[in-house]
Amino acid sequence: MSTHAEQYLREVITSGLQKLGWPAENIILNRPRQEGFGDFATTVAMTLAKVLKKAPRPLAEQLVAALEYDRTLLTEISIDGPGYINFRLGEGYWHRVLAEILREAESFGRSNWASGRKINFEFVSANPTGPLNIVSARAAAIGDVMANLMQAVGAEVAREYYINDAGQRVKALGYSVSSRYMALFGKDEPFPEDGYHGEYVKDLAASLREEFGDGFVAMSVTERSAKFTELALARMIAAQKKTLAEYRVHYDIWFSEQSLLESKRDEEVLQLLAEKNLSYTKDGALWFVASQFGDSEDRVLVKRDGEPTYFLGDIAYHLDKYRRGFTHLHDLWGPDHHAHIMRMKGALEALGYKRGTFEVEIIQQVNLLRGGEVVKMSKRSGNIIEMRELLEEVGVDAARYFFLMRKLDTPMDFDIDLAKKQSDENPVFYVQYAHARVCSVLVYAEEQGAPLAETYEAALLANAEELALLKKLSEFPEVVSKAAEVLEPHRLTIYLHELASTFHQFYHHHRVVTEDKTLTQARLHLVEAVRIVLRNALRLLNVSAPEKM
RNA sequence: GCGCCAGUAGCUCAAUCGGAUAGAGCAACAGCCUUCUAAGCUGUGGGUUGUGGGUUCGAUUCCCGCCUGGCGCACCA
């Protein structure tokens with residue numbers, strides 16, 4: 001019904017425009033910032049002023065005079081400023097919203113405008129050659145909530161993780177572990193030049209010695225490294241899965257690069273492009289005509305030495321996603337893959353998939369501050385701040401909320417000292433506290449012999465704080481819908497903070513449980529609605545909603 | 001040199017396809033607990049939205065120049 005108000009207003013305005021014979025404008029309705037301007041406002045008179053070449057205010061007056069509407073729902077229509085038309089909804093409307101929230105409960109906020117879409121969200125996809133770092137934590141939180149949001153508006157979604165378990169990098173891991181393993185037996189085996197120096201490599205070697213003893217010492221370096229590549233990968237991937245699960249991110253698909261190579265999907269890509277005449281040979285290499293699809297230059301698919309590029313593999317992978325029935329692909333990439341976006345979009349378009357069905361978001365760097373100093377992170381050097389470490393220090397709720405508060409396309413500073421404080425400086429507590437307070441009131445009411453009853457008199461909810469709360473609650477479906485449309489999870493954290501604040505104000509000004517039994521019931525139902533919406537919003541973020549704090 | 005992103009209160013960030021007096025938190029200051037959770041509430045101070053132009057009824061938002069910062073510009077992955 002909350003969206004019904006908007007819909008109703010649109011209908012009223014549209015028929016008014018028709019009556020006057022004015023062009024049917026794209027009607028913009030928004031909620032004015034200032035309380036005094038009503039509940040909704042439209043700028044339609046101002047935009048019409050351009051088309052009709054008349055002053056906006058007289059147009060607004062004419063339009064308002066032509067409007068036909070239900071005066072119990074719409075209690076006031078006024079014209080302000082340069083030509084805004086402001087609408088005020090009656091109390092009865094807000095009371096109906098309350099009934100709607102209580103009725104829909106867990107599904108309040110959901111819609112189905114994206115039904116029919118089958119969306120693949122691929123995020124994190126970190127190399128299995130090292131532990132997850134804090135940029136992965138940022139990507140994991142955001143990707144997870146993007147998927148939740150699209151699910152909430154009716155889309156079918158899958159969370160996917162691409163495991164880079166092939167190629168030179170994983171071999172380097174095998175050699176690195178081999179060298180560390182041999183060192184444990186006092187044997188000096190040269191450390192590979194492009195090897196991994198992190199402490200975790202030594203841990204891997206130690207765990208292998210523990211499990212298999214000196215069983216690998218007698219092997220040749222090549223044989224041992226190959227074996228270790230396999231064993232180390234399995235352990236690294238298991239560790240990543242575990243960390244992500246603790247972070248409450250659960251993937252539907254773990255997709256192996258190895259399996260892709262076996263499927264020969266890359267050969268299929270080459271064939272399709274050749275058939276469409278969109279590839280050519282130059283300097284002994286095979287090129288894709290990326291420049292015809294908006295990229296600054298053409299890109300190599302197969303190197304002079306006959307080896308496929310990473311680019312070709314990635315095209316094959318995304319083709320495979322489409323083949324698995326997804327209508328939309330949405331990737332979160334690291335900043336180092338920036339230049340790849342145009343060529344990938346081009347390649348997928350070349351293969352016949354519509355532009356706009358493949359989108360990429362760049363998750364920018366996270367600068368970790370410790371004692372005011374930026375901690376340098378490098379997977380190679382081993383100075384990484386592990387995601388696991390971050391979770392242990394600040395907790396899952398705080399970490400997720402912290403990342404979700406910020407837009408993803410700008411670098412952020414993560415002050416570890418501040419986040420560790422777990423004090424009121426951390427905004428997640430403010431929101432969770434509101435939820436705990438609500439639960440506490442409901443429990444108290446039961447203890448006082450006033451549990452939530454079947455019926456209540458909504459009309460008793462009429463003071464400023466109660467109406468403000470009802471209005472804020474009614475915004476929730478729009479917030480979810482908009483956040484999903486633009487894929488901006490931070491809109492939810494902003495809303496949550498506003499709702500918590502509105503509730504705290506109400507709580508401070510009015511007692512819920514009083515001698516007045518009817519008023520108590522009305523307020524209990526209001527508070528129950530707050531609990532529902534806080535819970536629904538926190539669930540979308542996968543942040544816990546504690547009943548006690 | 002080219003491309004992308006950003007520049008808003010002391011700090012971290014918002015601002016609903018171009019809308020009304022640019023808003024929150026933290027920090028600072030002053031108040032509020034015999035009463036359902038004070039991890040809360042109330043109030044005060046804090047701004048030439050990097051800068052110079054342009055577009056128009058109206059610009060933090062759109063266009064152009066400049067300044068500053070981040071990232072990216074491989075037949076690496």
# chains A, B, ... in the order shown; residues from 1 in each chain; ligands from 1
$ residues_around --residues "region 18-28 of chain B" --least-positions-apart "6" --cutoff "7 Å" --atoms "only C-alpha atoms (C1' of nucleotides)" --output "PyMOL selection string"
(chain A and resi 81+425) or (chain B and resi 58-59+61)
$ write_last_selection --atoms "N, CA and C atoms (P, O5', C5', C4', C3', O3' and C1' of nucleotides)" --output "mmCIF file, in the first residue's frame"
data_model
loop_
_atom_site.group_PDB
_atom_site.id
_atom_site.type_symbol
_atom_site.label_atom_id
_atom_site.label_comp_id
_atom_site.auth_asym_id
_atom_site.auth_seq_id
_atom_site.Cartn_x
_atom_site.Cartn_y
_atom_site.Cartn_z
ATOM 1 N N GLY A 81 6.584 27.691 -3.628
ATOM 2 C CA GLY A 81 7.817 28.031 -4.327
ATOM 3 C C GLY A 81 7.584 28.327 -5.790
ATOM 4 N N GLU A 425 30.871 4.544 18.843
ATOM 5 C CA GLU A 425 31.372 5.174 17.625
ATOM 6 C C GLU A 425 31.062 4.312 16.421
ATOM 7 P P G B 58 17.719 30.770 -13.789
ATOM 8 O "O5'" G B 58 17.737 29.604 -12.700
ATOM 9 C "C5'" G B 58 17.641 29.948 -11.314
ATOM 10 C "C4'" G B 58 17.708 28.715 -10.488
ATOM 11 C "C3'" G B 58 18.730 27.671 -10.918
ATOM 12 O "O3'" G B 58 20.081 28.106 -10.746
ATOM 13 C "C1'" G B 58 16.714 26.588 -10.462
ATOM 14 P P A B 59 21.138 27.482 -9.702
ATOM 15 O "O5'" A B 59 21.039 25.867 -9.840
ATOM 16 C "C5'" A B 59 20.938 25.048 -8.660
ATOM 17 C "C4'" A B 59 22.058 24.031 -8.617
ATOM 18 C "C3'" A B 59 23.456 24.630 -8.538
ATOM 19 O "O3'" A B 59 24.268 23.766 -7.765
ATOM 20 C "C1'" A B 59 23.305 23.295 -10.460
ATOM 21 P P U B 61 27.285 20.862 -9.750
ATOM 22 O "O5'" U B 61 26.589 19.442 -9.986
ATOM 23 C "C5'" U B 61 27.342 18.233 -9.892
ATOM 24 C "C4'" U B 61 26.399 17.053 -10.015
ATOM 25 C "C3'" U B 61 25.698 16.948 -11.367
ATOM 26 O "O3'" U B 61 25.632 15.595 -11.782
ATOM 27 C "C1'" U B 61 24.094 17.115 -9.616
#
$ interface_residues --of "chain B" --to "chain A" --cutoff "8 Å" --atoms "only C-alpha atoms (C1' of nucleotides)" --output "list in words"
C4, C5, A6, C13, A14, U16, G19, A20, G25, C26, C36, U37, A39, G40, C41, C57, G70, C71, G72, C73, C75 and A77 of chain B
$ select_by_dssp --residues "region 297-399 of chain A" --states "strand (DSSP E or B)" --output "ChimeraX atom specification"
/A:299-302,308,328-333,358-362,366-370,373-375,386
$ residues_around --residues "Ser125 (chain A)" --least-positions-apart "4" --cutoff "7 Å" --atoms "only C-alpha atoms (C1' of nucleotides)" --output "list in words"
Tyr161, Tyr162 and Ile163 of chain A
$ residues_around --residues "G53 (chain B)" --least-positions-apart "4" --cutoff "12 Å" --atoms "only C-alpha atoms (C1' of nucleotides)" --output "PDB file with C-alpha atoms (C1' of nucleotides), in the first residue's frame"
ATOM      1  C1'   C B  63      28.825  20.595 -20.312  1.00  0.00           C
ATOM      2  C1'   C B  64      34.016  22.801 -20.998  1.00  0.00           C
ATOM      3  C1'   G B  65      38.862  24.466 -18.898  1.00  0.00           C
ATOM      4  C1'   C B  66      42.207  24.226 -14.725  1.00  0.00           C
TER       5        C B  66
END
$ select_by_dssp --residues "region 212-315 of chain A" --states "alpha helix (DSSP H)" --output "number ranges by chain"
A: 212, 221-246, 257-263, 265-275, 310-315
$ closest_residue --among "A:Trp254, A:Phe403, A:Tyr175, A:Tyr247" --to "Leu231 (chain A)" --atoms "only C-alpha atoms"
A:Tyr175
$ residues_around --residues "Ala462 (chain A)" --least-positions-apart "5" --cutoff "12 Å" --atoms "only C-alpha atoms (C1' of nucleotides)" --output "list in words"
Gly90, Glu91, Gly92, Tyr93, Trp94, His95, Glu457, Leu467, Ala468, Leu469, Leu470, Lys471, Leu519, Ala522, Arg523 and Leu526 of chain A
$ residues_around --residues "Trp113 (chain A)" --least-positions-apart "5" --cutoff "10 Å" --atoms "only C-alpha atoms (C1' of nucleotides)" --output "CSV table (one decimal) with N, CA and C atoms, in the first residue's frame"
chain,number,residue,atom,x,y,z
A,150,MET,N,18.5,-8.0,-5.0
A,150,MET,CA,17.8,-8.4,-6.2
A,150,MET,C,16.8,-9.6,-6.0
A,152,ALA,N,15.1,-9.8,-3.3
A,152,ALA,CA,14.0,-9.2,-2.6
A,152,ALA,C,13.0,-8.5,-3.6
A,153,VAL,N,13.5,-8.2,-4.8
A,153,VAL,CA,12.6,-7.6,-5.8
A,153,VAL,C,12.2,-8.6,-6.8
A,154,GLY,N,12.4,-9.9,-6.5
A,154,GLY,CA,11.8,-10.9,-7.4
A,154,GLY,C,12.7,-11.7,-8.3
A,155,ALA,N,14.0,-11.2,-8.4
A,155,ALA,CA,14.9,-11.9,-9.3
A,155,ALA,C,15.4,-13.2,-8.8
A,481,SER,N,13.5,-1.2,-3.0
A,481,SER,CA,13.4,-1.2,-4.5
A,481,SER,C,14.4,-0.3,-5.2
A,485,GLU,N,17.5,-1.4,-7.6
A,485,GLU,CA,17.6,-0.8,-8.9
A,485,GLU,C,18.9,-0.3,-9.2
$ residues_around --residues "Val289 (chain A)" --least-positions-apart "5" --cutoff "6 Å" --atoms "only C-alpha atoms (C1' of nucleotides)" --output "list in words"
Leu278, Ser279 and Asp298 of chain A
$ write_last_selection --atoms "C-alpha atoms" --output "PDB file, in the first residue's frame"
ATOM      1  CA  LEU A 278      35.497 -10.368 -35.680  1.00  0.00           C
ATOM      2  CA  SER A 279      39.008 -11.728 -35.217  1.00  0.00           C
ATOM      3  CA  ASP A 298      42.128  -4.412 -30.399  1.00  0.00           C
TER       4      ASP A 298
END
